[in-house]
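K.L.:
Below is the file my_file-v2.pdb, with PDB, C-alpha atoms.
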ATOM      1  CA  LEU A   1      26.294 -47.466 -25.759  1.00  0.00           C
ATOM      2  CA  GLU A   2      27.405 -50.584 -27.643  1.00  0.00           C
ATOM      3  CA  GLY A   3      24.528 -52.725 -26.263  1.00  0.00           C
ATOM      4  CA  ILE A   4      26.694 -54.683 -23.815  1.00  0.00           C
ATOM      5  CA  THR A   5      24.841 -55.769 -20.683  1.00  0.00           C
ATOM      6  CA  GLY A   6      26.172 -56.097 -17.168  1.00  0.00           C
ATOM      7  CA  THR A   7      25.925 -54.828 -13.611  1.00  0.00           C
ATOM      8  CA  TRP A   8      27.310 -51.886 -11.690  1.00  0.00           C
ATOM      9  CA  SER A   9      28.936 -52.034  -8.312  1.00  0.00           C
ATOM     10  CA  PRO A  10      27.721 -50.196  -6.281  1.00  0.00           C
ATOM     11  CA  LEU A  11      24.272 -50.492  -7.876  1.00  0.00           C
ATOM     12  CA  SER A  12      23.289 -46.835  -7.406  1.00  0.00           C
ATOM     13  CA  ILE A  13      25.010 -43.474  -7.115  1.00  0.00           C
ATOM     14  CA  ASP A  14      25.310 -42.189  -3.533  1.00  0.00           C
ATOM     15  CA  VAL A  15      24.904 -38.410  -3.423  1.00  0.00           C
ATOM     16  CA  SER A  16      24.714 -38.131   0.384  1.00  0.00           C
ATOM     17  CA  THR A  17      28.337 -37.018   0.806  1.00  0.00           C
ATOM     18  CA  PRO A  18      30.616 -34.900  -1.369  1.00  0.00           C
ATOM     19  CA  GLY A  19      33.642 -36.523  -2.992  1.00  0.00           C
ATOM     20  CA  THR A  20      34.624 -38.839  -5.854  1.00  0.00           C
ATOM     21  CA  SER A  21      33.541 -42.489  -5.945  1.00  0.00           C
ATOM     22  CA  THR A  22      34.511 -45.202  -8.421  1.00  0.00           C
ATOM     23  CA  TYR A  23      31.767 -47.367  -9.921  1.00  0.00           C
ATOM     24  CA  THR A  24      32.696 -50.666 -11.640  1.00  0.00           C
ATOM     25  CA  PHE A  25      30.782 -52.147 -14.574  1.00  0.00           C
ATOM     26  CA  THR A  26      31.050 -55.976 -14.835  1.00  0.00           C
ATOM     27  CA  VAL A  27      30.049 -57.488 -18.205  1.00  0.00           C
ATOM     28  CA  ASP A  28      27.492 -60.315 -18.198  1.00  0.00           C
ATOM     29  CA  ALA A  29      28.928 -63.731 -19.179  1.00  0.00           C
ATOM     30  CA  GLY A  30      28.898 -64.761 -22.805  1.00  0.00           C
ATOM     31  CA  GLN A  31      29.782 -61.365 -24.311  1.00  0.00           C
ATOM     32  CA  CYS A  32      33.080 -60.527 -25.925  1.00  0.00           C
ATOM     33  CA  ALA A  33      33.786 -57.395 -23.852  1.00  0.00           C
ATOM     34  CA  ILE A  34      35.706 -56.239 -20.828  1.00  0.00           C
ATOM     35  CA  GLY A  35      34.371 -54.280 -17.850  1.00  0.00           C
ATOM     36  CA  THR A  36      35.081 -50.648 -17.127  1.00  0.00           C
ATOM     37  CA  THR A  37      35.008 -48.096 -14.324  1.00  0.00           C
ATOM     38  CA  MET A  38      33.545 -44.618 -13.965  1.00  0.00           C
ATOM     39  CA  ASP A  39      34.494 -41.968 -11.433  1.00  0.00           C
ATOM     40  CA  ILE A  40      31.565 -39.827 -10.299  1.00  0.00           C
ATOM     41  CA  GLU A  41      32.141 -36.632  -8.373  1.00  0.00           C
ATOM     42  CA  VAL A  42      29.488 -35.362  -5.967  1.00  0.00           C
ATOM     43  CA  THR A  43      29.935 -31.699  -5.117  1.00  0.00           C
ATOM     44  CA  ALA A  44      28.520 -29.954  -2.072  1.00  0.00           C
ATOM     45  CA  PRO A  45      25.866 -27.365  -2.924  1.00  0.00           C
ATOM     46  CA  VAL A  46      26.984 -23.727  -2.802  1.00  0.00           C
ATOM     47  CA  VAL A  47      25.448 -21.743   0.044  1.00  0.00           C
ATOM     48  CA  PRO A  48      23.982 -18.475  -1.312  1.00  0.00           C
ATOM     49  CA  ASP A  49      25.306 -15.480   0.584  1.00  0.00           C
ATOM     50  CA  PHE A  50      23.251 -12.340   1.225  1.00  0.00           C
ATOM     51  CA  ALA A  51      23.940  -9.217   3.287  1.00  0.00           C
ATOM     52  CA  GLN A  52      21.693  -9.279   6.355  1.00  0.00           C
ATOM     53  CA  ILE A  53      19.003  -6.600   6.241  1.00  0.00           C
ATOM     54  CA  ASP A  54      19.098  -4.432   9.363  1.00  0.00           C
ATOM     55  CA  PRO A  55      15.958  -3.977  11.471  1.00  0.00           C
ATOM     56  CA  LEU A  56      13.394  -1.796   9.693  1.00  0.00           C
ATOM     57  CA  CYS A  57      10.961   0.695  11.198  1.00  0.00           C
ATOM     58  CA  ILE A  58       7.292  -0.127  10.849  1.00  0.00           C
ATOM     59  CA  ASN A  59       5.651   1.242   7.662  1.00  0.00           C
ATOM     60  CA  VAL A  60       8.904   2.329   5.975  1.00  0.00           C
ATOM     61  CA  VAL A  61       9.632   1.528   2.335  1.00  0.00           C
ATOM     62  CA  ALA A  62      11.535  -1.750   2.529  1.00  0.00           C
ATOM     63  CA  PRO A  63      14.563  -2.597   0.394  1.00  0.00           C
ATOM     64  CA  ALA A  64      14.131  -5.201  -2.322  1.00  0.00           C
ATOM     65  CA  LEU A  65      15.296  -8.772  -1.744  1.00  0.00           C
ATOM     66  CA  ASP A  66      18.176  -9.482  -4.154  1.00  0.00           C
ATOM     67  CA  ALA A  67      17.401 -12.085  -6.827  1.00  0.00           C
ATOM     68  CA  VAL A  68      21.116 -12.911  -7.110  1.00  0.00           C
ATOM     69  CA  SER A  69      23.325 -13.634  -4.086  1.00  0.00           C
ATOM     70  CA  THR A  70      26.668 -11.927  -3.538  1.00  0.00           C
ATOM     71  CA  ASN A  71      28.320 -15.170  -4.709  1.00  0.00           C
ATOM     72  CA  GLY A  72      26.316 -15.296  -7.956  1.00  0.00           C
ATOM     73  CA  ILE A  73      23.449 -17.672  -7.164  1.00  0.00           C
ATOM     74  CA  SER A  74      20.128 -16.703  -8.762  1.00  0.00           C
ATOM     75  CA  GLY A  75      16.742 -17.706  -7.417  1.00  0.00           C
ATOM     76  CA  THR A  76      13.497 -16.516  -5.862  1.00  0.00           C
ATOM     77  CA  TRP A  77      12.337 -15.405  -2.409  1.00  0.00           C
ATOM     78  CA  SER A  78       9.193 -16.427  -0.557  1.00  0.00           C
ATOM     79  CA  PRO A  79       7.521 -14.160   0.383  1.00  0.00           C
ATOM     80  CA  SER A  80       8.853 -12.149  -2.553  1.00  0.00           C
ATOM     81  CA  THR A  81       8.771  -8.716  -0.862  1.00  0.00           C
ATOM     82  CA  ILE A  82       9.398  -7.432   2.652  1.00  0.00           C
ATOM     83  CA  ASN A  83       6.250  -6.415   4.527  1.00  0.00           C
ATOM     84  CA  THR A  84       6.791  -3.574   7.028  1.00  0.00           C
ATOM     85  CA  SER A  85       3.136  -3.036   7.937  1.00  0.00           C
ATOM     86  CA  VAL A  86       3.337  -5.296  11.009  1.00  0.00           C
ATOM     87  CA  ALA A  87       5.996  -5.269  13.738  1.00  0.00           C
ATOM     88  CA  GLY A  88       7.821  -8.528  14.402  1.00  0.00           C
ATOM     89  CA  THR A  89      10.273 -10.904  12.725  1.00  0.00           C
ATOM     90  CA  ILE A  90       9.438 -12.572   9.420  1.00  0.00           C
ATOM     91  CA  THR A  91      11.489 -15.352   7.807  1.00  0.00           C
ATOM     92  CA  TYR A  92      12.140 -15.059   4.068  1.00  0.00           C
ATOM     93  CA  THR A  93      13.238 -18.183   2.151  1.00  0.00           C
ATOM     94  CA  PHE A  94      15.542 -18.090  -0.890  1.00  0.00           C
ATOM     95  CA  THR A  95      15.236 -21.021  -3.308  1.00  0.00           C
ATOM     96  CA  PRO A  96      17.992 -21.246  -5.966  1.00  0.00           C
ATOM     97  CA  ASP A  97      16.999 -21.750  -9.596  1.00  0.00           C
ATOM     98  CA  ALA A  98      16.496 -25.435 -10.459  1.00  0.00           C
ATOM     99  CA  SER A  99      19.601 -25.708 -12.653  1.00  0.00           C
ATOM    100  CA  ILE A 100      21.949 -24.467  -9.906  1.00  0.00           C
ATOM    101  CA  CYS A 101      23.653 -26.708  -7.348  1.00  0.00           C
ATOM    102  CA  ALA A 102      22.968 -24.519  -4.322  1.00  0.00           C
ATOM    103  CA  SER A 103      21.265 -24.683  -0.933  1.00  0.00           C
ATOM    104  CA  ILE A 104      17.995 -23.119   0.182  1.00  0.00           C
ATOM    105  CA  VAL A 105      18.701 -20.371   2.738  1.00  0.00           C
ATOM    106  CA  THR A 106      16.594 -18.141   4.960  1.00  0.00           C
ATOM    107  CA  MET A 107      16.870 -14.597   6.293  1.00  0.00           C
ATOM    108  CA  ASP A 108      14.998 -13.201   9.273  1.00  0.00           C
ATOM    109  CA  VAL A 109      13.971  -9.552   8.904  1.00  0.00           C
ATOM    110  CA  GLU A 110      12.834  -7.637  11.982  1.00  0.00           C
ATOM    111  CA  VAL A 111      10.260  -4.857  11.731  1.00  0.00           C
ATOM    112  CA  VAL A 112      10.502  -2.563  14.757  1.00  0.00           C
ATOM    113  CA  PRO A 113       7.552  -0.606  16.161  1.00  0.00           C
ATOM    114  CA  LEU A 114       7.842   3.141  16.659  1.00  0.00           C
ATOM    115  CA  PRO A 115       8.868   4.195  20.155  1.00  0.00           C
ATOM    116  CA  VAL A 116       6.209   5.249  22.644  1.00  0.00           C
ATOM    117  CA  ILE A 117       6.106   9.021  22.996  1.00  0.00           C
ATOM    118  CA  ASP A 118       4.610  10.974  25.872  1.00  0.00           C
ATOM    119  CA  PRO A 119       5.487  14.693  25.902  1.00  0.00           C
ATOM    120  CA  GLY A 120       3.062  15.158  28.809  1.00  0.00           C
ATOM    121  CA  ILE A 121       0.078  17.456  29.220  1.00  0.00           C
ATOM    122  CA  ASP A 122       0.147  21.205  28.586  1.00  0.00           C
ATOM    123  CA  GLN A 123       1.522  23.155  31.551  1.00  0.00           C
ATOM    124  CA  THR A 124       1.058  26.704  32.862  1.00  0.00           C
ATOM    125  CA  ILE A 125       3.638  28.652  34.796  1.00  0.00           C
ATOM    126  CA  ASN A 126       2.199  31.406  37.045  1.00  0.00           C
ATOM    127  CA  CYS A 127       2.546  32.832  40.535  1.00  0.00           C
ATOM    128  CA  ILE A 128       0.591  29.884  42.012  1.00  0.00           C
ATOM    129  CA  SER A 129       1.629  26.773  40.098  1.00  0.00           C
ATOM    130  CA  ASN A 130       4.924  25.684  38.565  1.00  0.00           C
ATOM    131  CA  ILE A 131       6.580  28.796  39.988  1.00  0.00           C
ATOM    132  CA  ASP A 132      10.108  27.550  39.255  1.00  0.00           C
ATOM    133  CA  GLY A 133       9.203  25.858  35.953  1.00  0.00           C
ATOM    134  CA  ALA A 134       7.094  22.948  34.769  1.00  0.00           C
ATOM    135  CA  VAL A 135       8.229  19.365  34.266  1.00  0.00           C
ATOM    136  CA  ILE A 136       7.322  18.165  30.780  1.00  0.00           C
ATOM    137  CA  GLY A 137       7.710  14.733  29.197  1.00  0.00           C
ATOM    138  CA  SER A 138       7.603  11.409  31.008  1.00  0.00           C
ATOM    139  CA  SER A 139       9.855   8.773  32.540  1.00  0.00           C
ATOM    140  CA  LEU A 140      12.917   7.555  30.664  1.00  0.00           C
ATOM    141  CA  ILE A 141      12.551   4.358  28.635  1.00  0.00           C
ATOM    142  CA  ALA A 142      15.880   2.512  28.464  1.00  0.00           C
ATOM    143  CA  GLY A 143      17.353   2.355  24.960  1.00  0.00           C
ATOM    144  CA  ASN A 144      15.532   5.472  23.715  1.00  0.00           C
ATOM    145  CA  SER A 145      17.136   8.852  23.086  1.00  0.00           C
ATOM    146  CA  TYR A 146      15.266  12.126  23.594  1.00  0.00           C
ATOM    147  CA  SER A 147      15.581  15.466  21.843  1.00  0.00           C
ATOM    148  CA  TRP A 148      13.504  18.571  22.699  1.00  0.00           C
ATOM    149  CA  SER A 149      13.168  21.592  20.452  1.00  0.00           C
ATOM    150  CA  PRO A 150      13.556  24.468  20.985  1.00  0.00           C
ATOM    151  CA  SER A 151      16.087  23.946  23.774  1.00  0.00           C
ATOM    152  CA  LEU A 152      15.660  27.484  25.130  1.00  0.00           C
ATOM    153  CA  GLY A 153      14.290  27.429  28.678  1.00  0.00           C
ATOM    154  CA  LEU A 154      14.875  23.689  29.223  1.00  0.00           C
ATOM    155  CA  SER A 155      17.035  22.241  31.996  1.00  0.00           C
ATOM    156  CA  ASP A 156      18.260  19.444  29.651  1.00  0.00           C
ATOM    157  CA  PRO A 157      17.004  19.177  26.038  1.00  0.00           C
ATOM    158  CA  SER A 158      18.145  15.535  25.859  1.00  0.00           C
ATOM    159  CA  ALA A 159      16.277  14.412  29.000  1.00  0.00           C
ATOM    160  CA  SER A 160      13.007  12.491  28.844  1.00  0.00           C
ATOM    161  CA  ASP A 161      11.430  14.847  31.388  1.00  0.00           C
ATOM    162  CA  PRO A 162      13.226  18.213  31.553  1.00  0.00           C
ATOM    163  CA  LEU A 163      12.193  21.234  33.594  1.00  0.00           C
ATOM    164  CA  ALA A 164      10.764  23.891  31.265  1.00  0.00           C
ATOM    165  CA  ASN A 165      11.019  27.528  32.319  1.00  0.00           C
ATOM    166  CA  PRO A 166      10.572  29.669  29.179  1.00  0.00           C
ATOM    167  CA  LEU A 167      10.106  33.438  29.244  1.00  0.00           C
ATOM    168  CA  THR A 168       7.065  33.298  26.936  1.00  0.00           C
ATOM    169  CA  ASN A 169       4.490  30.766  25.799  1.00  0.00           C
ATOM    170  CA  THR A 170       6.417  27.961  24.041  1.00  0.00           C
ATOM    171  CA  LEU A 171       5.464  24.880  22.063  1.00  0.00           C
ATOM    172  CA  TYR A 172       8.082  22.209  22.784  1.00  0.00           C
ATOM    173  CA  THR A 173       8.492  19.334  20.303  1.00  0.00           C
ATOM    174  CA  LEU A 174       9.876  15.990  21.499  1.00  0.00           C
ATOM    175  CA  THR A 175      11.532  13.459  19.191  1.00  0.00           C
ATOM    176  CA  VAL A 176      12.064   9.983  20.658  1.00  0.00           C
ATOM    177  CA  THR A 177      14.367   7.580  18.803  1.00  0.00           C
ATOM    178  CA  ASN A 178      14.741   3.912  19.697  1.00  0.00           C
ATOM    179  CA  SER A 179      17.818   1.696  19.297  1.00  0.00           C
ATOM    180  CA  ALA A 180      16.753   0.694  15.752  1.00  0.00           C
ATOM    181  CA  GLY A 181      16.657   4.349  14.655  1.00  0.00           C
ATOM    182  CA  CYS A 182      12.862   4.588  14.530  1.00  0.00           C
ATOM    183  CA  SER A 183      11.442   7.925  15.708  1.00  0.00           C
ATOM    184  CA  SER A 184       8.181   9.328  17.033  1.00  0.00           C
ATOM    185  CA  VAL A 185       7.339  13.014  17.455  1.00  0.00           C
ATOM    186  CA  GLY A 186       5.004  14.751  19.889  1.00  0.00           C
ATOM    187  CA  SER A 187       4.562  18.223  21.369  1.00  0.00           C
ATOM    188  CA  VAL A 188       3.433  20.008  24.518  1.00  0.00           C
ATOM    189  CA  ASN A 189       2.627  23.644  25.301  1.00  0.00           C
ATOM    190  CA  VAL A 190       4.088  25.554  28.228  1.00  0.00           C
ATOM    191  CA  PHE A 191       2.127  28.737  28.904  1.00  0.00           C
ATOM    192  CA  VAL A 192       3.567  31.621  30.895  1.00  0.00           C
ATOM    193  CA  ASP A 193       0.864  33.612  32.720  1.00  0.00           C
ATOM    194  CA  THR A 194       2.382  36.830  33.993  1.00  0.00           C
TER     195      THR A 194
END
If you took the structure in this file and wrote it as structure tokens, what would it be?

P.N.:
Amino acid sequence: LEGITGTWSPLSIDVSTPGTSTYTFTVDAGQCAIGTTMDIEVTAPVVPDFAQIDPLCINVVAPALDAVSTNGISGTWSPSTINTSVAGTITYTFTPDASICASIVTMDVEVVPLPVIDPGIDQTINCISNIDGAVIGSSLIAGNSYSWSPSLGLSDPSASDPLANPLTNTLYTLTVTNSAGCSSVGSVNVFVDT
């Protein structure tokens, strides 16, 4: 600031590791001045923290990506909104605002397809076919849960393929839910021909 010339040792500031380093200024010969030192502290960037978004069902309304982390870091996401129109995992990148000493972080968001549903074909119970009841539904898919409605006349309303033996014509509705909580609905008729 006073116009005194000289050299620094080390010559440049090393920002590769956090900590405090001392830099020494040596005055060029022929000037009536003494050298000095400067301590420079390099701080590690703060890592923005966000709550992980749970898997989302395809085509649901997605939550917004927070513009400020839980530890107070503001910035922007790329892409800026969650797309649930396609099943799969998409990586979203958070870049802190330029004036903030913070790291770039990513979050993977999984979009889960709806479970496959197969309530089976319509069945008829009469004195020739399906005498003791008709099997509806299809084979169990591991990880899915099954719920039939109404439950009246079914051997097990939580089975993937229960035996249906209603007293009258009945429309059975099947709801299949996968491990991510996504559901599909289908139905099948069971006719009773007396």

K.L.:
Residues at most 10 Å from segment 2-17 of chain A, counting only C-alpha atoms, excluding those fewer than 4 positions away in the same chain, as a list of chain:residue names?

P.N.:
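Non-adjacent residues within range: A:Ser21, A:Thr22, A:Tyr23, A:Thr24, A:Phe25, A:Thr26, A:Val27, A:Asp28, A:Ala29, A:Gln31, A:Cys32, A:Ala33, A:Ile34, A:Gly35, A:Thr36, A:Thr37, A:Met38, A:Ile40, A:Glu41, A:Val42, A:Thr43, A:Ala44.
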
K.L.:
Just the residues within 12 Å of Asp156 of chain A, please, counting all atoms listed in the file, with nothing from its chain fewer than 3 positions along; format it as a list in words.

P.N.:
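Surrounding residues, per the criterion: Val135, Ile136, Gly137, Tyr146, Ser147, Trp148, Ser149, Pro150, Ser151, Leu152, Gly153, Ala159, Ser160, Asp161, Pro162, Leu163, Ala164 and Asn165 of chain A.
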
K.L.:
Evaluate the PyMOL selection byres ((chain A and resi 51) around 9) against this structure - the residues, as a PyMOL selection string, please.

P.N.:
chain A and resi 49-50+52-53+69-70

K.L.:
Would you mind listing what lies within 8 Å of segment 102-105 of chain A as a list in words, with all atoms listed in the file counted and same-chain residues fewer than 3 positions away left out?

P.N.:
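Here the qualifying residues turn out to be Pro45, Val46, Val47, Pro48, Ile73, Thr93, Phe94, Thr95 and Pro96 of chain A.
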
K.L.:
Written as a ChimeraX atom specification, which residues does the PyMOL selection byres ((chain A and resi 180-185) around 10) give for the file shown?

P.N.:
/A:54-58,60,110-119,143-148,173-179,186-187

K.L.:
Distance atom CA of Val190 of chain A-atom CA of Asp132 of chain A, one decimal place?

P.N.:
12.7 Å

K.L.:
Select, from A:Asn71, A:Asn189, A:Thr76, A:Ser129, the residue with the minimum atom-to-atom distance to Asp97 of chain A, counting all atoms listed in the file.

P.N.:
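Looking only at the distances to Asp97 of chain A, the closest residue turns out to be A:Thr76.
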
K.L.:
Which is closer to Cys127 of chain A than all the others in A:Thr194, A:Asn83, A:Ala64, A:Thr106, using only C-alpha atoms?

P.N.:
A:Thr194

K.L.:
Report, in Å to a single decimal, how far apart atom CA of Cys101 of chain A and atom CA of Gly72 of chain A are.

P.N.:
11.7 Å

K.L.:
Ranking A:Ala134, A:Val192, A:Ile121, A:Val86 by minimum distance to Ser155 of chain A and counting all atoms listed in the file, which one comes first?

P.N.:
A:Ala134

K.L.:
Report, in Å with one decimal, the straight-line distance from atom CA of Ala142 of chain A to atom CA of Ala62 of chain A.

P.N.:
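Atom CA of Ala142 of chain A sits 26.6 Å away from atom CA of Ala62 of chain A.
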
K.L.:
So, with only C-alpha atoms as the atoms that count, which of A:Gly75, A:Val188, A:Asp39, A:Thr124 lies closest to Thr20 of chain A?

P.N.:
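When distances to Thr20 of chain A are compared using only C-alpha atoms, the smallest one comes from A:Asp39.
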